[in-house]
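Chemist: Below is the file structure.txt, which contains compact mmCIF, C-alpha atoms.
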# COMPACT_ATOMS: atom_id res chain seq x y z
CA MET A 1 117.24 118.67 90.27
CA GLN A 2 113.45 118.39 90.15
CA GLU A 3 111.15 119.01 93.10
CA GLN A 4 107.55 118.02 93.80
CA PRO A 5 105.63 117.46 97.07
CA VAL A 6 105.43 113.69 96.48
CA ILE A 7 107.87 111.23 94.93
CA ILE A 8 106.42 107.81 94.00
CA ILE A 9 108.86 105.00 93.29
CA GLY A 10 107.31 102.39 91.01
CA ALA A 11 104.68 102.57 88.25
CA GLY A 12 103.04 99.22 88.79
CA PRO A 13 99.38 99.04 89.86
CA SER A 14 100.31 100.29 93.36
CA GLY A 15 102.09 103.37 92.07
CA LEU A 16 99.33 104.08 89.55
CA ALA A 17 96.66 103.80 92.27
CA THR A 18 98.62 106.27 94.42
CA ALA A 19 99.04 108.69 91.53
CA ALA A 20 95.31 108.58 90.74
CA SER A 21 94.40 109.15 94.39
CA LEU A 22 96.76 112.13 94.60
CA ASN A 23 95.33 113.52 91.36
CA LEU A 24 91.86 113.60 92.88
CA HIS A 25 93.25 115.81 95.67
CA SER A 26 95.16 117.97 93.13
CA ILE A 27 98.46 117.07 94.81
CA PRO A 28 101.47 117.23 92.43
CA TYR A 29 103.83 114.25 92.28
CA ILE A 30 106.63 112.60 90.33
CA ILE A 31 106.44 108.87 89.58
CA LEU A 32 109.72 107.08 88.82
CA GLU A 33 109.87 103.71 87.05
CA ARG A 34 112.97 101.66 86.23
CA GLU A 35 111.36 99.84 83.27
CA ASP A 36 110.37 101.40 79.95
CA CYS A 37 106.63 101.09 80.62
CA PHE A 38 104.15 101.08 83.47
CA ALA A 39 102.92 97.77 84.91
CA SER A 40 105.93 95.99 83.39
CA LEU A 41 105.27 92.76 85.29
CA TRP A 42 101.92 92.49 83.54
CA LYS A 43 103.01 93.82 80.16
CA LYS A 44 106.39 92.09 79.79
CA TYR A 45 106.93 89.37 82.38
CA ALA A 46 103.64 87.50 82.87
CA TYR A 47 102.74 84.21 81.18
CA ASP A 48 100.04 84.28 78.51
CA ARG A 49 97.26 82.34 80.22
CA LEU A 50 97.41 84.36 83.44
CA HIS A 51 94.10 85.54 84.86
CA LEU A 52 93.50 87.53 88.02
CA HIS A 53 92.94 84.85 90.62
CA LEU A 54 90.31 86.77 92.57
CA HIS A 55 86.86 88.01 91.55
CA LYS A 56 87.09 91.36 89.78
CA GLN A 57 85.46 93.26 92.66
CA PHE A 58 88.61 92.60 94.72
CA CYS A 59 91.01 93.66 91.95
CA GLN A 60 89.95 97.00 90.53
CA LEU A 61 92.02 100.05 91.39
CA PRO A 62 90.55 103.07 93.18
CA HIS A 63 88.26 105.55 91.44
CA LEU A 64 87.76 103.62 88.18
CA PRO A 65 85.75 100.37 88.03
CA PHE A 66 86.29 97.63 85.49
CA PRO A 67 84.07 97.75 82.38
CA HIS A 68 80.74 95.98 82.94
CA SER A 69 81.55 93.69 80.00
CA TYR A 70 84.51 92.15 81.82
CA PRO A 71 84.06 88.59 83.13
CA ARG A 72 84.32 87.72 86.83
CA PHE A 73 87.92 86.54 86.42
CA ILE A 74 89.90 88.90 84.23
CA SER A 75 92.61 87.87 81.78
CA LYS A 76 96.06 89.43 81.62
CA GLN A 77 95.18 91.15 78.36
CA GLN A 78 91.99 92.63 79.83
CA PHE A 79 93.80 93.86 82.91
CA VAL A 80 96.53 95.50 80.83
CA SER A 81 93.84 97.21 78.73
CA TYR A 82 92.20 98.44 81.94
CA LEU A 83 95.54 99.83 83.18
CA ASP A 84 96.05 101.60 79.83
CA ASP A 85 92.66 103.27 80.31
CA TYR A 86 93.49 104.04 83.95
CA VAL A 87 96.72 105.83 83.07
CA SER A 88 95.00 107.77 80.30
CA HIS A 89 91.98 108.69 82.45
CA PHE A 90 94.08 110.09 85.30
CA LYS A 91 96.75 111.55 82.99
CA ILE A 92 99.58 109.70 84.74
CA THR A 93 102.97 110.31 83.12
CA PRO A 94 105.76 108.29 84.77
CA LEU A 95 109.43 109.01 84.15
CA TYR A 96 110.70 105.74 82.70
CA CYS A 97 114.11 104.04 82.79
CA ARG A 98 114.92 105.59 86.17
CA CYS A 99 116.63 103.14 88.51
CA VAL A 100 116.72 104.37 92.11
CA GLU A 101 120.19 104.26 93.67
CA LEU A 102 119.55 106.24 96.85
CA ALA A 103 116.64 107.68 98.82
CA VAL A 104 117.55 109.54 102.02
CA PHE A 105 115.77 112.00 104.35
CA ASP A 106 117.47 115.33 104.96
CA GLU A 107 116.93 116.39 108.57
CA LYS A 108 117.79 120.01 107.78
CA THR A 109 115.42 120.59 104.87
CA LYS A 110 112.86 118.00 106.05
CA GLU A 111 112.76 116.60 102.53
CA TRP A 112 113.56 113.33 100.79
CA THR A 113 116.37 113.29 98.26
CA VAL A 114 116.12 110.56 95.64
CA LYS A 115 119.01 109.85 93.26
CA VAL A 116 118.29 107.76 90.18
CA ARG A 117 120.29 106.43 87.27
CA ASN A 118 118.78 107.40 83.93
CA LEU A 119 119.19 104.11 82.07
CA GLY A 120 118.94 105.91 78.74
CA SER A 121 121.64 108.53 79.24
CA GLY A 122 123.57 106.89 82.08
CA GLU A 123 123.42 110.12 84.05
CA VAL A 124 122.46 110.42 87.73
CA GLU A 125 119.42 112.60 88.33
CA GLU A 126 118.21 114.04 91.62
CA PHE A 127 114.66 114.58 92.86
CA ARG A 128 113.43 116.19 96.07
CA GLY A 129 110.09 115.95 97.81
CA ARG A 130 108.47 116.26 101.21
CA PHE A 131 106.86 112.83 100.89
CA LEU A 132 108.24 109.54 99.57
CA VAL A 133 105.98 106.64 98.54
CA VAL A 134 107.59 103.22 98.08
CA ALA A 135 105.45 101.55 95.41
CA SER A 136 108.07 99.20 93.99
CA GLY A 137 105.92 96.21 94.91
CA GLU A 138 106.30 92.71 96.27
CA THR A 139 107.55 91.39 92.91
CA THR A 140 110.66 93.50 92.37
CA ASP A 141 113.56 91.19 91.51
CA PRO A 142 113.10 87.60 90.27
CA TYR A 143 114.57 85.09 92.71
CA THR A 144 116.20 81.78 91.78
CA PRO A 145 117.55 79.72 94.70
CA GLU A 146 121.10 78.45 94.77
CA ILE A 147 121.16 74.72 94.10
CA GLU A 148 124.25 72.55 94.11
CA GLY A 149 125.29 71.75 90.56
CA LEU A 150 122.69 73.91 88.83
CA LYS A 151 125.37 75.51 86.66
CA SER A 152 126.13 72.07 85.24
CA PHE A 153 122.60 71.71 83.84
CA PRO A 154 122.91 71.72 80.02
CA GLY A 155 119.29 72.64 79.25
CA ASP A 156 117.33 75.87 79.57
CA VAL A 157 116.88 77.35 83.05
CA LEU A 158 114.06 79.90 83.19
CA HIS A 159 112.38 82.03 85.82
CA SER A 160 108.60 82.28 85.60
CA THR A 161 109.02 85.86 84.34
CA GLN A 162 110.66 84.44 81.20
CA PHE A 163 107.93 81.85 80.53
CA LYS A 164 105.13 82.76 78.11
CA ASN A 165 103.47 79.45 77.19
CA GLY A 166 104.16 75.76 76.73
CA LYS A 167 104.12 75.61 72.92
CA ALA A 168 107.89 75.21 72.59
CA PHE A 169 108.07 72.37 75.13
CA ARG A 170 106.02 69.61 73.51
CA ASP A 171 107.47 66.16 74.30
CA LYS A 172 110.18 67.71 76.48
CA ASN A 173 110.80 66.78 80.10
CA VAL A 174 110.18 69.95 82.06
CA LEU A 175 110.58 70.48 85.80
CA VAL A 176 108.65 73.30 87.47
CA VAL A 177 110.13 74.38 90.80
CA GLY A 178 107.64 76.08 93.09
CA SER A 179 104.06 75.22 93.99
CA GLY A 180 102.45 78.64 94.31
CA ASN A 181 99.79 79.77 91.89
CA SER A 182 102.29 80.62 89.14
CA GLY A 183 104.03 77.25 89.44
CA MET A 184 100.78 75.29 89.43
CA GLU A 185 99.37 77.19 86.47
CA ILE A 186 102.58 77.03 84.42
CA ALA A 187 102.75 73.27 85.08
CA MET A 188 99.21 72.91 83.76
CA ASP A 189 100.01 75.00 80.69
CA LEU A 190 103.04 72.82 79.96
CA ALA A 191 100.96 69.64 80.33
CA ASN A 192 98.26 71.08 78.06
CA HIS A 193 100.91 71.62 75.39
CA GLY A 194 102.22 68.07 75.58
CA ALA A 195 105.25 68.52 77.81
CA LYS A 196 106.21 65.72 80.19
CA THR A 197 105.72 67.84 83.28
CA SER A 198 106.89 67.47 86.87
CA ILE A 199 106.51 69.95 89.72
CA VAL A 200 108.49 70.30 92.94
CA VAL A 201 106.22 70.71 95.98
CA ARG A 202 108.33 71.17 99.11
CA SER A 203 105.71 72.37 101.58
CA PRO A 204 102.08 71.61 102.43
CA VAL A 205 99.58 73.54 100.31
CA HIS A 206 95.95 74.56 100.55
CA ILE A 207 94.09 73.88 97.31
CA LEU A 208 90.88 75.87 96.91
CA SER A 209 88.65 76.74 93.98
CA ARG A 210 88.11 80.34 92.94
CA GLU A 211 84.52 80.07 94.12
CA MET A 212 85.64 78.93 97.59
CA VAL A 213 87.95 81.91 97.92
CA TYR A 214 85.23 84.29 96.74
CA LEU A 215 82.90 82.87 99.38
CA GLY A 216 85.62 83.11 102.03
CA LEU A 217 86.50 86.72 101.26
CA ASN A 218 82.86 87.73 101.57
CA LEU A 219 82.35 85.75 104.78
CA LEU A 220 85.35 87.49 106.37
CA LYS A 221 83.24 90.65 106.48
CA TYR A 222 80.85 88.97 108.91
CA ILE A 223 82.46 86.09 110.80
CA PRO A 224 85.90 85.48 112.41
CA LEU A 225 88.85 84.35 110.32
CA ASN A 226 89.24 81.02 112.15
CA MET A 227 85.65 80.07 111.31
CA VAL A 228 86.14 80.98 107.66
CA ASP A 229 89.35 78.93 107.58
CA TRP A 230 87.55 75.92 109.08
CA LEU A 231 84.89 76.15 106.37
CA MET A 232 87.49 76.51 103.61
CA VAL A 233 89.35 73.41 104.77
CA MET A 234 86.12 71.40 104.99
CA LEU A 235 85.09 72.44 101.49
CA SER A 236 88.56 71.63 100.16
CA LYS A 237 88.40 68.16 101.68
CA LEU A 238 84.95 67.57 100.19
CA VAL A 239 86.04 68.61 96.69
CA TYR A 240 89.70 67.51 96.52
CA ARG A 241 89.57 64.62 98.99
CA GLU A 242 92.81 63.07 100.22
CA LEU A 243 95.87 64.81 98.80
CA SER A 244 98.58 62.56 100.20
CA LYS A 245 98.18 59.84 97.57
CA TYR A 246 99.34 62.41 94.99
CA GLY A 247 102.36 63.64 96.92
CA LEU A 248 100.59 66.65 98.46
CA SER A 249 99.55 67.55 102.00
CA ARG A 250 97.54 70.30 103.72
CA PRO A 251 99.07 72.74 106.22
CA LYS A 252 97.96 72.75 109.83
CA GLU A 253 97.17 76.46 109.67
CA GLY A 254 94.14 77.72 107.76
CA PRO A 255 94.47 79.34 104.31
CA PHE A 256 93.45 82.87 105.30
CA PHE A 257 95.53 82.76 108.48
CA MET A 258 98.59 81.82 106.40
CA LYS A 259 97.83 84.63 103.96
CA VAL A 260 97.72 87.22 106.75
CA ALA A 261 100.59 85.81 108.85
CA ASP A 262 103.09 84.83 106.14
CA GLY A 263 101.77 86.27 102.90
CA LYS A 264 101.38 82.73 101.52
CA TYR A 265 98.48 82.40 99.13
CA PRO A 266 96.41 79.24 98.83
CA VAL A 267 96.60 77.51 95.46
CA LEU A 268 93.56 78.54 93.44
CA ASP A 269 92.90 75.49 91.30
CA VAL A 270 92.17 76.18 87.64
CA GLY A 271 92.66 72.60 86.47
CA THR A 272 96.12 71.60 87.71
CA TYR A 273 94.84 69.22 90.38
CA SER A 274 92.98 67.03 87.88
CA LYS A 275 96.21 66.67 85.90
CA ILE A 276 98.07 65.72 89.07
CA LYS A 277 95.39 63.08 89.79
CA SER A 278 95.64 61.72 86.25
CA ARG A 279 99.48 61.64 86.57
CA GLU A 280 99.88 64.02 83.64
CA ILE A 281 101.81 66.13 86.15
CA GLN A 282 104.21 64.33 88.46
CA VAL A 283 104.70 65.73 91.98
CA LEU A 284 108.28 65.55 93.32
CA PRO A 285 109.87 66.58 96.65
CA ALA A 286 112.60 69.17 97.23
CA ILE A 287 115.74 69.20 95.07
CA LEU A 288 119.03 68.09 96.62
CA SER A 289 121.35 68.72 93.70
CA VAL A 290 121.75 68.80 89.94
CA LYS A 291 124.24 66.61 88.07
CA GLY A 292 124.22 67.47 84.40
CA ASN A 293 120.69 66.91 83.14
CA GLU A 294 119.88 64.70 86.16
CA VAL A 295 118.08 66.31 89.10
CA VAL A 296 118.43 64.52 92.45
CA PHE A 297 115.55 64.83 94.93
CA GLU A 298 115.41 64.42 98.69
CA ASN A 299 113.68 61.03 98.34
CA ALA A 300 116.93 59.84 96.65
CA GLU A 301 115.27 59.57 93.23
CA SER A 302 116.77 61.27 90.20
CA HIS A 303 115.15 62.26 86.94
CA ALA A 304 116.45 63.74 83.69
CA PHE A 305 115.03 67.01 82.38
CA ASP A 306 115.41 69.19 79.33
CA THR A 307 114.23 72.43 80.99
CA ILE A 308 113.79 73.78 84.52
CA VAL A 309 111.33 76.60 85.20
CA PHE A 310 111.78 78.32 88.56
CA CYS A 311 108.52 79.72 89.96
CA THR A 312 110.26 80.75 93.15
CA GLY A 313 109.04 84.29 93.54
CA PHE A 314 110.81 87.56 94.06
CA LYS A 315 112.97 89.55 96.42
CA ARG A 316 112.70 93.23 97.25
CA SER A 317 115.65 95.61 96.82
CA THR A 318 114.35 98.47 98.97
CA HIS A 319 116.97 97.89 101.67
CA ILE A 320 119.71 98.65 99.15
CA TRP A 321 118.61 102.18 98.27
CA LEU A 322 116.33 103.34 101.13
CA LYS A 323 118.50 104.80 103.88
CA GLY A 324 117.64 105.99 107.37
CA ASP A 325 114.40 104.06 107.80
CA ASP A 326 114.39 101.76 110.79
CA TYR A 327 110.63 101.88 111.39
CA LEU A 328 108.54 101.08 108.31
CA LEU A 329 110.22 98.34 106.23
CA ASN A 330 112.26 95.29 107.21
CA ASP A 331 115.31 93.97 105.33
CA ASP A 332 113.03 92.07 102.93
CA GLY A 333 111.09 95.22 102.06
CA ILE A 334 107.94 94.17 103.94
CA PRO A 335 106.26 96.54 106.45
CA LYS A 336 107.15 96.07 110.09
CA PRO A 337 103.93 97.60 111.47
CA SER A 338 100.97 95.25 111.27
CA PHE A 339 97.83 95.80 109.21
CA PRO A 340 96.00 98.21 109.07
CA ASN A 341 98.80 100.59 110.19
CA HIS A 342 101.45 99.23 107.84
CA TRP A 343 101.37 101.96 105.18
CA LYS A 344 102.69 104.97 107.11
CA GLY A 345 106.24 105.51 108.34
CA LYS A 346 108.05 108.51 109.73
CA ASN A 347 109.29 111.72 108.07
CA GLY A 348 106.74 111.51 105.26
CA LEU A 349 107.64 107.95 104.23
CA TYR A 350 104.86 105.65 102.99
CA CYS A 351 104.56 102.25 101.34
CA VAL A 352 101.80 100.94 99.11
CA GLY A 353 101.03 97.42 97.91
CA LEU A 354 103.32 95.69 100.40
CA SER A 355 100.71 94.39 102.85
CA ARG A 356 100.40 91.04 101.02
CA ARG A 357 96.75 91.78 100.33
CA GLY A 358 96.95 91.98 96.56
CA LEU A 359 95.41 94.67 94.39
CA TYR A 360 92.61 95.31 96.89
CA GLY A 361 95.17 96.04 99.59
CA ALA A 362 97.13 98.32 97.26
CA GLY A 363 94.03 100.39 96.59
CA PHE A 364 93.36 100.64 100.33
CA ASP A 365 96.93 101.86 100.91
CA ALA A 366 96.85 104.36 98.04
CA GLN A 367 93.71 106.09 99.25
CA ASN A 368 94.94 106.24 102.84
CA ILE A 369 98.26 107.74 101.74
CA ALA A 370 96.65 110.38 99.54
CA ASP A 371 94.21 111.35 102.30
CA ASP A 372 97.02 111.57 104.85
CA ILE A 373 99.23 113.72 102.62
CA LYS A 374 96.28 116.01 101.92
CA SER A 375 95.74 116.50 105.66
CA LEU A 376 99.43 117.34 106.18
CA LEU A 377 99.50 119.87 103.35
CA LYS A 378 96.64 121.94 104.77
What does this structure look like when you write it as structure tokens?

Modeler:
Amino acid sequence: MQEQPVIIIGAGPSGLATAASLNLHSIPYIILEREDCFASLWKKYAYDRLHLHLHKQFCQLPHLPFPHSYPRFISKQQFVSYLDDYVSHFKITPLYCRCVELAVFDEKTKEWTVKVRNLGSGEVEEFRGRFLVVASGETTDPYTPEIEGLKSFPGDVLHSTQFKNGKAFRDKNVLVVGSGNSGMEIAMDLANHGAKTSIVVRSPVHILSREMVYLGLNLLKYIPLNMVDWLMVMLSKLVYRELSKYGLSRPKEGPFFMKVADGKYPVLDVGTYSKIKSREIQVLPAILSVKGNEVVFENAESHAFDTIVFCTGFKRSTHIWLKGDDYLLNDDGIPKPSFPNHWKGKNGLYCVGLSRRGLYGAGFDAQNIADDIKSLLK
């Protein structure tokens, strides 16, 4: 058994930001990570052309700015390099290949007990600490929806975490399922590499440029959210015009309202929309079923595909291993308390990076948690 004041679960950007913030207060901690590296989503499971969708000022982690040489919108490779420097600078040393099986608060000792499976040795290890920080992130376990007949599909079925680039798909019929930023960008990458690309868009979407979002985020400091949303929608209509002729529609709610209320990001257009307009990317409605290589859609059309790429997001697994918490996190691993009080639970339980506010929100959480733990250790 190992014991430290703070146990951090997860060595993604949220866990690293928490570790760095604790380091500055000279507070000891253990950081547990189920993968064999930190920031595994970025290092192992992100597609090649990925860039941070927001301006770099909204994406840097606490206490270490990006290099001045970095562009406004940072590539995956640049962000990984920054995280390498971050870990080195703050001397963060996660314990890798530790899969959490149980985290429970002991009322007698007033400590958290965390049991993990060492994926290297197969042994169960135990850790104890006064404080527990859930930093396992919003993108824990890849999610693929159940679709009637999907098992009969003879081609490749991928999740976005398995997609790197479109080079291998030239002249193939590829269906992308999911119209978030990953789905839209992967569809564009496929089209750029000569794939015959279609994308399923089930729900209305806001399409904004990066510059619009940058403007909106800065305006939110000074004017109400509903006014910023009105401006964003007007700018989107001016730039992207009528979406319905291309199989798309805009939501009734504004883009920033939807982000806060439901965690749903607007689509930040990096070129996909022009390919939809030129019909290089075909927009299709929701899937009804799969029959062999034929996919049947809710408009009664069917099309044959060689590959299906699911860009359908992730599920959290916190509810499986975190026991005794009925205050901080819901069954989907999202905080119950509303922002800005979402990061602190009871009995020394915290969460970081789960407010659906991206890297900026994770940094905000990490600093608040470290400051709060410091005050309690006095």

Chemist: So, counting all atoms listed in the file, which residue among A:Lys108, A:Arg210, A:Arg279, A:Arg98 is closest to Val124 (chain A)?

Modeler: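 Checking each of A:Lys108, A:Arg210, A:Arg279, A:Arg98 against Val124 (chain A), counting all atoms listed in the file, the winner is A:Arg98.
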
Chemist: Quick one: everything within 9 Å of Leu52 (chain A), counting all atoms listed in the file, minus sequence neighbours fewer than 3 positions away in the same chain. Send it as a short mmCIF file (atom, residue, chain, number, x, y, z; two decimals) with C-alpha atoms, in the coordinates of the input.

Modeler:
data_model
loop_
_atom_site.label_atom_id
_atom_site.label_comp_id
_atom_site.auth_asym_id
_atom_site.auth_seq_id
_atom_site.Cartn_x
_atom_site.Cartn_y
_atom_site.Cartn_z
CA HIS A 55 86.86 88.01 91.55
CA LYS A 56 87.09 91.36 89.78
CA CYS A 59 91.01 93.66 91.95
CA PHE A 73 87.92 86.54 86.42
CA ILE A 74 89.90 88.90 84.23
CA SER A 75 92.61 87.87 81.78
CA LYS A 76 96.06 89.43 81.62
CA PHE A 79 93.80 93.86 82.91
#

Chemist: Name the residues within 10 Å of (105.1, 69.7, 100.3), counting only C-alpha atoms in the file's coordinates, and put them as a PyMOL selection string.

Modeler: chain A and resi 178-179+200-205+244+247-251+283-286

Chemist: Could you tell me which of A:Asn226, A:Ser236, A:Ser278, A:Ser302 comes closest to Glu253 (chain A) if we count all atoms listed in the file?

Modeler: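 Among the listed residues, the smallest separation from Glu253 (chain A) belongs to A:Asn226.
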
Chemist: Just the residues within 9 Å of Glu185 (chain A), please, counting only C-alpha atoms, with nothing from its chain fewer than 5 positions along; format it as a ChimeraX atom specification.

Modeler: /A:49-50,180,190,269-272

Chemist: Hey, what's within 10 Å of region 4-11 of chain A if we count all atoms listed in the file and toss same-chain stuff fewer than 2 positions away? As a ChimeraX atom specification, please?

Modeler: /A:2,13-19,22,27-35,37-40,92-96,98-100,103,111-114,127-137,140,348-352,370,373,377

Chemist: I'd like the contact shell of Pro337 (chain A) - 12 Å cut-off, all atoms listed in the file, skipping same-chain residues fewer than 2 positions apart - returned as a list in words.

Modeler: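 The filter keeps Asp326, Tyr327, Leu328, Leu329, Asn330, Ile334, Pro335, Phe339, Pro340, Asn341, His342, Trp343, Lys344, Gly345, Lys346, Tyr350, Cys351, Leu354 and Ser355 of chain A.
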
Chemist: Which of these, A:Asp331, A:Gln57, A:Pro154, A:His206, has the shortest distance to Met258 (chain A) once you count all atoms listed in the file?

Modeler: A:His206

Chemist: So how far away is CA of Leu61 (chain A) from CA of Val228 (chain A), in Å?

Modeler: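 These two atoms are separated by 25.7 Å.
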
Chemist: Enter the distance from CA of Gly292 (chain A) to CA of Val309 (chain A), in Å, rounded to one decimal.

Modeler: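 About the pair CA of Gly292 (chain A) and CA of Val309 (chain A): they are 15.8 Å apart.
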
Chemist: Which residue out of A:Lys115, A:Lys221, A:Lys277, A:His25 has the minimum interatomic distance to Trp321 (chain A) when all atoms listed in the file are used?

Modeler: A:Lys115

Chemist: So that I can see what lies close to Pro62 (chain A), please list as a list in words the residues with an atom at most 9 Å from it, counting all atoms listed in the file and leaving out residues fewer than 3 positions away in the same chain.

Modeler: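 The contact residues come out as Ala17, Thr18, Ala20, Ser21, Pro65, Tyr360, Gly363, Phe364, Ala366 and Gln367 of chain A.
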